[in-house]
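Reviewing the structure listed below.
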Amino acid sequence: MIDLMRAWITGITCTAMLLAVAQSLVPDGVVKKVMGFTGGLLLITVIGLPLLRIDGAALSNYLLEYEIKFSQSSAELAEENESMMKEIVAAQCESYLQNQAEEMGLECRFEVYCAMNGEGYPVPYVVHISGVLTAEEQQALTLLIAQALAVPIERQYWNGGEHENT
């Protein structure tokens, strides 16, 4: 298809250049006007002739394939965008929780997983907490997470072992 377009444009360009040269060689007067009119008709024919040869079914198939590829690319881009937004929100929430825990004097690590809400925005959905904490410290963090991130206690998971610093 690209080769056909290239040949078509090349044909138009060559015809226009030949007509311009011929027009410049013809003396002024009636002959020049007739030459200009005839050259215009020739140029219109060169432009329009390939359009008459277009196979409608082939063009339709080409456009359908293009539309399918465009839809796939759009879907992939939307999915990638959604994933990136979730990662950004999760990282910000993890940083916030880490700062809050440090202010409370607690050593723990957070992993936040996001989901898309009904409006298409990522929101914290699940929080994994690692660290050795007392029951009171766990309760304080559980309340903080529930209030600050709106993640209910049922979606907060505790791992009470030591964690490795990475």
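Lettering and numbering for the structure tokens are positional, with chains as A, B, ... in the shown order, residues counted from 1 in each chain, and ligands counted from 1 in the shown order.
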
Run DSSP on the backbone and give me the residues of range 92-166 of chain A it puts in strand (DSSP E), as a list of chain:residue names.
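Result set for range 92-166 of chain A (strand (DSSP E)): A:Arg109, A:Phe110, A:Glu111, A:Val112, A:Tyr113, A:Cys114, A:Ala115, A:Met116, A:Pro122, A:Val123, A:Pro124, A:Tyr125, A:Val126, A:Val127, A:His128, A:Ile129, A:Ser130, A:Gln156, A:Tyr157, A:Trp158, A:Asn159.
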
*Tell me, as a PyMOL selection string, which residues lie within 9 Å of Leu141 in chain A, counting only C-alpha atoms; anything in the same chain fewer than 3 positions away does not count.*
chain A and resi 97+100-101+136-138+144-146

Exercise for review: For range 48-63 of chain A, please output as a PyMOL selection string all residues within 10 Å (counting only C-alpha atoms; exclusion window: fewer than 3 positions along the same chain).
Suggested key: chain A and resi 1+4-5+8+12+42-45+66-69

Counting only C-alpha atoms, the residue among A:Ser73, A:Leu149, A:Gln156, A:Leu106 that lies closest to Val132 in chain A is A:Leu106

So that I can check the secondary structure, give me every residue of chain A assigned helix (DSSP H, G or I) by backbone DSSP, as a PyMOL selection string. chain A and resi 2-25+30-52+56-103+135-149+153-155

Mind checking which residues fall within 12 Å of Ser24 in chain A, counting only C-alpha atoms, ignoring those fewer than 5 positions away in the same chain, and posting them as a VMD selection string? chain A and resid 17 to 19 31 to 33 35 to 36

Residue selection dump (N, CA and C atoms) as a PDB file, in the first residue's frame:
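Printed below is result.pdb as written:
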```
ATOM      1  N   MET A  17       5.917  18.498 -13.122  1.00  0.00           N
ATOM      2  CA  MET A  17       7.191  19.076 -13.571  1.00  0.00           C
ATOM      3  C   MET A  17       7.257  19.135 -15.102  1.00  0.00           C
ATOM      4  N   LEU A  18       6.834  18.072 -15.797  1.00  0.00           N
ATOM      5  CA  LEU A  18       6.832  18.069 -17.259  1.00  0.00           C
ATOM      6  C   LEU A  18       5.898  19.147 -17.815  1.00  0.00           C
ATOM      7  N   LEU A  19       4.750  19.293 -17.191  1.00  0.00           N
ATOM      8  CA  LEU A  19       3.807  20.323 -17.635  1.00  0.00           C
ATOM      9  C   LEU A  19       4.385  21.724 -17.423  1.00  0.00           C
ATOM     10  N   VAL A  31      -2.121  29.528 -27.775  1.00  0.00           N
ATOM     11  CA  VAL A  31      -1.511  28.200 -27.654  1.00  0.00           C
ATOM     12  C   VAL A  31      -1.139  27.919 -26.201  1.00  0.00           C
ATOM     13  N   LYS A  32      -0.641  28.912 -25.494  1.00  0.00           N
ATOM     14  CA  LYS A  32      -0.248  28.735 -24.091  1.00  0.00           C
ATOM     15  C   LYS A  32      -1.474  28.458 -23.228  1.00  0.00           C
ATOM     16  N   LYS A  33      -2.602  29.147 -23.547  1.00  0.00           N
ATOM     17  CA  LYS A  33      -3.825  28.923 -22.787  1.00  0.00           C
ATOM     18  C   LYS A  33      -4.357  27.510 -23.028  1.00  0.00           C
ATOM     19  N   MET A  35      -2.585  24.953 -23.962  1.00  0.00           N
ATOM     20  CA  MET A  35      -1.607  24.067 -23.325  1.00  0.00           C
ATOM     21  C   MET A  35      -1.862  23.992 -21.831  1.00  0.00           C
ATOM     22  N   GLY A  36      -2.159  25.118 -21.186  1.00  0.00           N
ATOM     23  CA  GLY A  36      -2.438  25.145 -19.753  1.00  0.00           C
ATOM     24  C   GLY A  36      -3.694  24.352 -19.422  1.00  0.00           C
TER      25      GLY A  36
END
```

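When only C-alpha atoms are used to measure the gap to Phe37 in chain A, the shortest distance among A:Phe70, A:Tyr121, A:Glu107, A:Gln23 belongs to A:Gln23.
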
For Gly40 in chain A, the closest of A:Thr142, A:Asp3, A:Thr15, A:Thr134 counting only C-alpha atoms is A:Thr15

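Between CA of Ser71 in chain A and CA of Ile9 in chain A there is a distance of 29.2 Å.
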
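Comparing A:Ala115, A:Val127, A:Leu25, A:Arg109 by their smallest distance to Met84 in chain A, the closest is A:Ala115 (using only C-alpha atoms).
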
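Between Glu94 in chain A and the residues A:Gly131, A:Pro124, A:Gly11, A:Pro27, the shortest atom-to-atom distance, using only C-alpha atoms, involves A:Pro124.
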
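The gap separating CA of Asn117 in chain A from CA of Glu102 in chain A is 29.4 Å, in Å to one decimal.
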